[in-house]
Amino acid sequence: MQALELVEALRETLAGMIDVFLSVQNQRLNEVMKVLTVIATLFIPLTFIASIYGMNFKHMPELEWRWGYAYALGLMAATAIGMLTYFRRKGWW
């Protein structure tokens, strides 16, 4: 009878340890997913800006500017920095 109770207690302990292990693994996965989501969120507007400036329009004022290319890169950098600042203030990253 004591051996049966000991086996049952060890089984419950093992089940608890497995639950803790799975919880830790799940938390690690959530942290990785959070970082990947922030990175993807940063690149969505940058891709949009690059795609607009990569099109062959005739009537875009920025194409005639001397600093049009620098303006597009500056806009991308400002967008990325602004989003990173927002994410840090919210505690998302």
# chains A, B, ... in the order shown; residues from 1 in each chain; ligands from 1
>>> select_by_dssp(residues="chain A", states="alpha helix (DSSP H)", output="CSV table (one decimal) with N, CA and C atoms, in the first residue's frame")
chain,number,residue,atom,x,y,z
A,2,GLN,N,2.0,1.2,0.8
A,2,GLN,CA,2.9,2.4,0.9
A,2,GLN,C,3.6,2.6,-0.5
A,3,ALA,N,3.9,1.5,-1.1
A,3,ALA,CA,4.6,1.6,-2.4
A,3,ALA,C,3.6,2.2,-3.4
A,4,LEU,N,2.4,1.9,-3.4
A,4,LEU,CA,1.4,2.4,-4.3
A,4,LEU,C,1.2,3.9,-4.1
A,5,GLU,N,1.1,4.3,-2.8
A,5,GLU,CA,1.0,5.8,-2.5
A,5,GLU,C,2.3,6.5,-2.9
A,6,LEU,N,3.4,5.9,-2.7
A,6,LEU,CA,4.7,6.6,-3.1
A,6,LEU,C,4.7,6.7,-4.6
A,7,VAL,N,4.3,5.7,-5.4
A,7,VAL,CA,4.3,5.8,-6.8
A,7,VAL,C,3.3,6.9,-7.3
A,8,GLU,N,2.1,7.0,-6.6
A,8,GLU,CA,1.1,8.0,-7.0
A,8,GLU,C,1.7,9.4,-6.7
A,9,ALA,N,2.3,9.6,-5.5
A,9,ALA,CA,2.9,10.9,-5.2
A,9,ALA,C,4.0,11.3,-6.2
A,10,LEU,N,4.8,10.3,-6.6
A,10,LEU,CA,5.9,10.6,-7.6
A,10,LEU,C,5.3,11.0,-8.9
A,11,ARG,N,4.2,10.3,-9.3
A,11,ARG,CA,3.5,10.6,-10.5
A,11,ARG,C,3.0,12.0,-10.6
A,12,GLU,N,2.4,12.4,-9.5
A,12,GLU,CA,1.9,13.8,-9.4
A,12,GLU,C,3.0,14.8,-9.4
A,13,THR,N,4.1,14.5,-8.7
A,13,THR,CA,5.3,15.4,-8.7
A,13,THR,C,5.8,15.5,-10.2
A,14,LEU,N,5.9,14.4,-10.8
A,14,LEU,CA,6.4,14.4,-12.2
A,14,LEU,C,5.5,15.2,-13.1
A,15,ALA,N,4.2,15.1,-12.9
A,15,ALA,CA,3.2,15.8,-13.8
A,15,ALA,C,3.4,17.3,-13.5
A,16,GLY,N,3.6,17.7,-12.3
A,16,GLY,CA,3.8,19.1,-11.9
A,16,GLY,C,5.1,19.6,-12.6
A,17,MET,N,6.1,18.8,-12.5
A,17,MET,CA,7.4,19.3,-13.2
A,17,MET,C,7.2,19.4,-14.7
A,18,ILE,N,6.5,18.5,-15.3
A,18,ILE,CA,6.3,18.6,-16.7
A,18,ILE,C,5.5,19.9,-17.0
A,19,ASP,N,4.5,20.2,-16.2
A,19,ASP,CA,3.7,21.4,-16.4
A,19,ASP,C,4.6,22.7,-16.3
A,20,VAL,N,5.5,22.7,-15.3
A,20,VAL,CA,6.4,23.8,-15.2
A,20,VAL,C,7.3,23.9,-16.4
A,21,PHE,N,7.9,22.8,-16.8
A,21,PHE,CA,8.7,22.8,-18.0
A,21,PHE,C,8.0,23.4,-19.2
A,22,LEU,N,6.8,22.9,-19.4
A,22,LEU,CA,6.0,23.4,-20.6
A,22,LEU,C,5.7,24.9,-20.5
A,23,SER,N,5.4,25.3,-19.3
A,23,SER,CA,5.2,26.8,-19.1
A,23,SER,C,6.4,27.6,-19.4
A,24,VAL,N,7.6,27.2,-19.0
A,24,VAL,CA,8.8,27.9,-19.3
A,24,VAL,C,9.0,27.9,-20.8
A,25,GLN,N,8.8,26.8,-21.4
A,25,GLN,CA,9.0,26.7,-22.9
A,25,GLN,C,8.1,27.7,-23.6
A,26,ASN,N,6.8,27.7,-23.1
A,26,ASN,CA,5.8,28.5,-23.7
A,26,ASN,C,6.2,30.0,-23.6
A,27,GLN,N,6.7,30.4,-22.4
A,27,GLN,CA,7.1,31.8,-22.1
A,27,GLN,C,8.2,32.2,-23.1
A,28,ARG,N,9.2,31.3,-23.3
A,28,ARG,CA,10.3,31.6,-24.2
A,28,ARG,C,9.8,31.8,-25.6
A,29,LEU,N,8.9,30.9,-26.0
A,29,LEU,CA,8.3,31.1,-27.4
A,29,LEU,C,7.6,32.4,-27.5
A,30,ASN,N,6.9,32.8,-26.5
A,30,ASN,CA,6.1,34.1,-26.5
A,30,ASN,C,7.1,35.2,-26.6
A,31,GLU,N,8.2,35.2,-25.9
A,31,GLU,CA,9.2,36.3,-26.1
A,31,GLU,C,9.8,36.3,-27.5
A,32,VAL,N,10.1,35.2,-28.1
A,32,VAL,CA,10.6,35.2,-29.4
A,32,VAL,C,9.6,35.7,-30.4
A,33,MET,N,8.3,35.3,-30.2
A,33,MET,CA,7.2,35.8,-31.1
A,33,MET,C,7.0,37.3,-30.9
A,34,LYS,N,7.2,37.8,-29.7
A,34,LYS,CA,7.1,39.2,-29.5
A,34,LYS,C,8.1,40.0,-30.3
A,35,VAL,N,9.4,39.5,-30.2
A,35,VAL,CA,10.5,40.2,-30.9
A,35,VAL,C,10.2,40.1,-32.4
A,36,LEU,N,9.8,39.0,-32.9
A,36,LEU,CA,9.6,38.9,-34.4
A,36,LEU,C,8.4,39.7,-34.8
A,37,THR,N,7.4,39.9,-34.0
A,37,THR,CA,6.3,40.7,-34.3
A,37,THR,C,6.7,42.2,-34.4
A,38,VAL,N,7.5,42.6,-33.4
A,38,VAL,CA,8.0,44.0,-33.5
A,38,VAL,C,8.8,44.3,-34.7
A,39,ILE,N,9.7,43.3,-35.1
A,39,ILE,CA,10.5,43.5,-36.3
A,39,ILE,C,9.7,43.6,-37.5
A,40,ALA,N,8.7,42.7,-37.6
A,40,ALA,CA,7.8,42.7,-38.8
A,40,ALA,C,7.0,44.0,-38.8
A,41,THR,N,6.5,44.5,-37.7
A,41,THR,CA,5.8,45.7,-37.6
A,41,THR,C,6.6,46.9,-38.0
A,42,LEU,N,7.9,46.8,-37.7
A,42,LEU,CA,8.8,47.9,-38.2
A,42,LEU,C,9.0,47.9,-39.7
A,43,PHE,N,9.1,46.8,-40.3
A,43,PHE,CA,9.4,46.7,-41.7
A,43,PHE,C,8.1,46.9,-42.6
A,44,ILE,N,6.9,46.8,-42.1
A,44,ILE,CA,5.8,47.1,-42.9
A,44,ILE,C,5.7,48.5,-43.5
A,45,PRO,N,5.8,49.5,-42.6
A,45,PRO,CA,5.8,50.9,-43.2
A,45,PRO,C,7.0,51.2,-44.0
A,46,LEU,N,8.2,50.6,-43.6
A,46,LEU,CA,9.4,50.9,-44.4
A,46,LEU,C,9.2,50.3,-45.8
A,47,THR,N,8.6,49.1,-45.9
A,47,THR,CA,8.4,48.5,-47.2
A,47,THR,C,7.4,49.4,-48.0
A,48,PHE,N,6.4,49.9,-47.4
A,48,PHE,CA,5.4,50.7,-48.1
A,48,PHE,C,6.1,52.0,-48.6
A,49,ILE,N,6.9,52.6,-47.8
A,49,ILE,CA,7.6,53.9,-48.2
A,49,ILE,C,8.5,53.6,-49.4
A,50,ALA,N,9.3,52.5,-49.3
A,50,ALA,CA,10.2,52.1,-50.4
A,50,ALA,C,9.5,51.8,-51.6
A,51,SER,N,8.3,51.1,-51.5
A,51,SER,CA,7.6,50.8,-52.7
A,51,SER,C,7.0,52.0,-53.4
A,52,ILE,N,6.5,53.0,-52.6
A,52,ILE,CA,6.0,54.2,-53.2
A,52,ILE,C,7.1,54.9,-54.0
A,53,TYR,N,8.3,55.1,-53.3
A,53,TYR,CA,9.4,55.8,-54.0
A,53,TYR,C,10.1,55.0,-55.1
A,61,PRO,N,7.0,65.2,-56.7
A,61,PRO,CA,7.9,66.4,-56.5
A,61,PRO,C,9.3,65.9,-55.9
A,62,GLU,N,9.3,64.8,-55.1
A,62,GLU,CA,10.5,64.4,-54.5
A,62,GLU,C,11.5,63.9,-55.5
A,63,LEU,N,11.1,63.5,-56.7
A,63,LEU,CA,12.0,63.0,-57.7
A,63,LEU,C,12.8,64.1,-58.3
A,64,GLU,N,12.3,65.3,-58.3
A,64,GLU,CA,13.0,66.5,-58.9
A,64,GLU,C,13.9,67.2,-57.9
A,68,GLY,N,16.0,64.4,-52.7
A,68,GLY,CA,14.8,63.5,-52.7
A,68,GLY,C,15.1,62.1,-52.1
A,69,TYR,N,16.3,61.6,-52.5
A,69,TYR,CA,16.7,60.2,-52.1
A,69,TYR,C,17.0,60.3,-50.6
A,70,ALA,N,17.7,61.3,-50.1
A,70,ALA,CA,18.0,61.5,-48.7
A,70,ALA,C,16.7,61.7,-47.9
A,71,TYR,N,15.7,62.4,-48.5
A,71,TYR,CA,14.4,62.6,-47.8
A,71,TYR,C,13.7,61.2,-47.6
A,72,ALA,N,13.7,60.4,-48.6
A,72,ALA,CA,13.1,59.1,-48.5
A,72,ALA,C,13.7,58.2,-47.4
A,73,LEU,N,15.1,58.2,-47.4
A,73,LEU,CA,15.8,57.5,-46.4
A,73,LEU,C,15.6,58.0,-45.0
A,74,GLY,N,15.5,59.4,-44.9
A,74,GLY,CA,15.3,60.0,-43.7
A,74,GLY,C,13.9,59.7,-43.2
A,75,LEU,N,12.9,59.7,-44.1
A,75,LEU,CA,11.5,59.4,-43.7
A,75,LEU,C,11.5,57.9,-43.2
A,76,MET,N,12.2,57.0,-43.8
A,76,MET,CA,12.2,55.6,-43.3
A,76,MET,C,12.8,55.6,-41.9
A,77,ALA,N,14.0,56.2,-41.8
A,77,ALA,CA,14.7,56.2,-40.5
A,77,ALA,C,13.8,56.8,-39.4
A,78,ALA,N,13.1,58.0,-39.7
A,78,ALA,CA,12.3,58.6,-38.7
A,78,ALA,C,11.1,57.7,-38.3
A,79,THR,N,10.5,57.0,-39.3
A,79,THR,CA,9.4,56.1,-39.0
A,79,THR,C,9.9,55.0,-38.1
A,80,ALA,N,11.0,54.4,-38.4
A,80,ALA,CA,11.5,53.3,-37.6
A,80,ALA,C,11.9,53.7,-36.2
A,81,ILE,N,12.5,54.9,-36.1
A,81,ILE,CA,12.9,55.4,-34.7
A,81,ILE,C,11.6,55.7,-34.0
A,82,GLY,N,10.7,56.4,-34.6
A,82,GLY,CA,9.4,56.7,-34.0
A,82,GLY,C,8.6,55.5,-33.5
A,83,MET,N,8.6,54.4,-34.3
A,83,MET,CA,7.9,53.2,-33.9
A,83,MET,C,8.6,52.5,-32.7
A,84,LEU,N,10.0,52.5,-32.8
A,84,LEU,CA,10.7,51.9,-31.7
A,84,LEU,C,10.5,52.6,-30.4
A,85,THR,N,10.5,54.0,-30.5
A,85,THR,CA,10.3,54.8,-29.3
A,85,THR,C,8.9,54.5,-28.7
A,86,TYR,N,7.9,54.4,-29.6
A,86,TYR,CA,6.5,54.1,-29.2
A,86,TYR,C,6.5,52.7,-28.5
A,87,PHE,N,7.1,51.7,-29.1
A,87,PHE,CA,7.1,50.4,-28.5
A,87,PHE,C,7.8,50.3,-27.2
A,88,ARG,N,8.9,51.1,-27.0
A,88,ARG,CA,9.6,51.1,-25.7
A,88,ARG,C,8.8,51.8,-24.7
A,89,ARG,N,8.1,52.8,-25.0
A,89,ARG,CA,7.2,53.5,-24.0
A,89,ARG,C,6.1,52.7,-23.6
A,90,LYS,N,5.5,51.9,-24.5
A,90,LYS,CA,4.4,51.0,-24.2
A,90,LYS,C,4.9,49.7,-23.4
>>> decode(residues="segment 24-60 of chain A", atoms="N, CA, C and O atoms", output="tab-separated table (two decimals), in the first residue's frame")
chain	number	residue	atom	x	y	z
A	24	VAL	N	7.56	27.15	-18.99
A	24	VAL	CA	8.79	27.89	-19.28
A	24	VAL	C	9.04	27.91	-20.78
A	24	VAL	O	9.40	28.96	-21.35
A	25	GLN	N	8.85	26.80	-21.44
A	25	GLN	CA	9.04	26.74	-22.90
A	25	GLN	C	8.05	27.67	-23.61
A	25	GLN	O	8.41	28.35	-24.58
A	26	ASN	N	6.82	27.70	-23.14
A	26	ASN	CA	5.81	28.55	-23.74
A	26	ASN	C	6.16	30.02	-23.55
A	26	ASN	O	5.96	30.84	-24.45
A	27	GLN	N	6.70	30.37	-22.39
A	27	GLN	CA	7.08	31.76	-22.15
A	27	GLN	C	8.23	32.17	-23.07
A	27	GLN	O	8.25	33.27	-23.60
A	28	ARG	N	9.21	31.29	-23.26
A	28	ARG	CA	10.31	31.58	-24.18
A	28	ARG	C	9.80	31.79	-25.60
A	28	ARG	O	10.23	32.69	-26.31
A	29	LEU	N	8.89	30.94	-26.01
A	29	LEU	CA	8.32	31.06	-27.35
A	29	LEU	C	7.57	32.39	-27.50
A	29	LEU	O	7.67	33.05	-28.53
A	30	ASN	N	6.86	32.78	-26.46
A	30	ASN	CA	6.14	34.06	-26.51
A	30	ASN	C	7.10	35.24	-26.62
A	30	ASN	O	6.80	36.20	-27.34
A	31	GLU	N	8.23	35.17	-25.94
A	31	GLU	CA	9.22	36.25	-26.05
A	31	GLU	C	9.78	36.32	-27.47
A	31	GLU	O	9.95	37.41	-28.02
A	32	VAL	N	10.09	35.19	-28.06
A	32	VAL	CA	10.60	35.18	-29.43
A	32	VAL	C	9.55	35.72	-30.40
A	32	VAL	O	9.86	36.53	-31.28
A	33	MET	N	8.31	35.31	-30.22
A	33	MET	CA	7.24	35.79	-31.10
A	33	MET	C	7.05	37.29	-30.95
A	33	MET	O	6.75	37.99	-31.92
A	34	LYS	N	7.21	37.80	-29.74
A	34	LYS	CA	7.06	39.23	-29.51
A	34	LYS	C	8.13	40.01	-30.27
A	34	LYS	O	7.82	41.01	-30.94
A	35	VAL	N	9.37	39.54	-30.22
A	35	VAL	CA	10.46	40.22	-30.93
A	35	VAL	C	10.23	40.15	-32.44
A	35	VAL	O	10.39	41.15	-33.15
A	36	LEU	N	9.84	39.00	-32.94
A	36	LEU	CA	9.58	38.86	-34.37
A	36	LEU	C	8.43	39.74	-34.82
A	36	LEU	O	8.45	40.30	-35.93
A	37	THR	N	7.41	39.88	-33.99
A	37	THR	CA	6.28	40.73	-34.33
A	37	THR	C	6.70	42.20	-34.39
A	37	THR	O	6.28	42.94	-35.29
A	38	VAL	N	7.52	42.63	-33.44
A	38	VAL	CA	8.01	44.02	-33.47
A	38	VAL	C	8.84	44.27	-34.72
A	38	VAL	O	8.67	45.29	-35.39
A	39	ILE	N	9.70	43.34	-35.07
A	39	ILE	CA	10.53	43.50	-36.27
A	39	ILE	C	9.66	43.57	-37.53
A	39	ILE	O	9.86	44.43	-38.39
A	40	ALA	N	8.68	42.68	-37.62
A	40	ALA	CA	7.78	42.69	-38.78
A	40	ALA	C	6.98	43.99	-38.83
A	40	ALA	O	6.78	44.56	-39.90
A	41	THR	N	6.54	44.45	-37.67
A	41	THR	CA	5.77	45.70	-37.61
A	41	THR	C	6.62	46.88	-38.03
A	41	THR	O	6.11	47.83	-38.63
A	42	LEU	N	7.90	46.84	-37.73
A	42	LEU	CA	8.79	47.92	-38.16
A	42	LEU	C	8.97	47.92	-39.67
A	42	LEU	O	9.05	48.99	-40.29
A	43	PHE	N	9.06	46.77	-40.27
A	43	PHE	CA	9.36	46.71	-41.70
A	43	PHE	C	8.14	46.94	-42.59
A	43	PHE	O	8.31	47.23	-43.78
A	44	ILE	N	6.94	46.83	-42.08
A	44	ILE	CA	5.75	47.05	-42.92
A	44	ILE	C	5.71	48.49	-43.46
A	44	ILE	O	5.59	48.69	-44.67
A	45	PRO	N	5.79	49.53	-42.60
A	45	PRO	CA	5.76	50.89	-43.17
A	45	PRO	C	7.00	51.22	-43.99
A	45	PRO	O	6.91	51.98	-44.96
A	46	LEU	N	8.15	50.64	-43.62
A	46	LEU	CA	9.36	50.90	-44.41
A	46	LEU	C	9.23	50.32	-45.81
A	46	LEU	O	9.65	50.93	-46.80
A	47	THR	N	8.64	49.14	-45.90
A	47	THR	CA	8.40	48.53	-47.21
A	47	THR	C	7.42	49.37	-48.02
A	47	THR	O	7.60	49.55	-49.24
A	48	PHE	N	6.41	49.89	-47.37
A	48	PHE	CA	5.44	50.74	-48.06
A	48	PHE	C	6.10	51.99	-48.61
A	48	PHE	O	5.89	52.37	-49.77
A	49	ILE	N	6.92	52.65	-47.79
A	49	ILE	CA	7.59	53.87	-48.24
A	49	ILE	C	8.54	53.56	-49.40
A	49	ILE	O	8.56	54.28	-50.40
A	50	ALA	N	9.29	52.48	-49.29
A	50	ALA	CA	10.22	52.11	-50.36
A	50	ALA	C	9.47	51.76	-51.64
A	50	ALA	O	9.92	52.07	-52.74
A	51	SER	N	8.31	51.13	-51.50
A	51	SER	CA	7.56	50.76	-52.71
A	51	SER	C	6.98	51.99	-53.40
A	51	SER	O	6.93	52.05	-54.62
A	52	ILE	N	6.55	52.98	-52.64
A	52	ILE	CA	6.03	54.20	-53.25
A	52	ILE	C	7.14	54.93	-54.00
A	52	ILE	O	6.96	55.36	-55.13
A	53	TYR	N	8.30	55.07	-53.35
A	53	TYR	CA	9.39	55.79	-53.99
A	53	TYR	C	10.07	54.97	-55.07
A	53	TYR	O	10.84	55.50	-55.85
A	54	GLY	N	9.81	53.69	-55.14
A	54	GLY	CA	10.41	52.86	-56.17
A	54	GLY	C	9.59	52.81	-57.45
A	54	GLY	O	10.03	52.25	-58.45
A	55	MET	N	8.40	53.39	-57.44
A	55	MET	CA	7.55	53.37	-58.63
A	55	MET	C	8.00	54.43	-59.61
A	55	MET	O	8.63	55.42	-59.24
A	56	ASN	N	7.66	54.26	-60.85
A	56	ASN	CA	8.06	55.20	-61.89
A	56	ASN	C	6.96	56.22	-62.15
A	56	ASN	O	6.24	56.15	-63.13
A	57	PHE	N	6.83	57.17	-61.25
A	57	PHE	CA	5.87	58.25	-61.43
A	57	PHE	C	6.58	59.43	-62.09
A	57	PHE	O	7.75	59.68	-61.86
A	58	LYS	N	5.83	60.17	-62.87
A	58	LYS	CA	6.40	61.36	-63.48
A	58	LYS	C	6.17	62.60	-62.62
A	58	LYS	O	6.95	63.53	-62.67
A	59	HIS	N	5.11	62.61	-61.85
A	59	HIS	CA	4.72	63.83	-61.14
A	59	HIS	C	4.90	63.71	-59.63
A	59	HIS	O	4.04	64.10	-58.86
A	60	MET	N	5.99	63.15	-59.19
A	60	MET	CA	6.32	63.13	-57.77
A	60	MET	C	7.33	64.24	-57.52
A	60	MET	O	8.42	64.23	-58.08
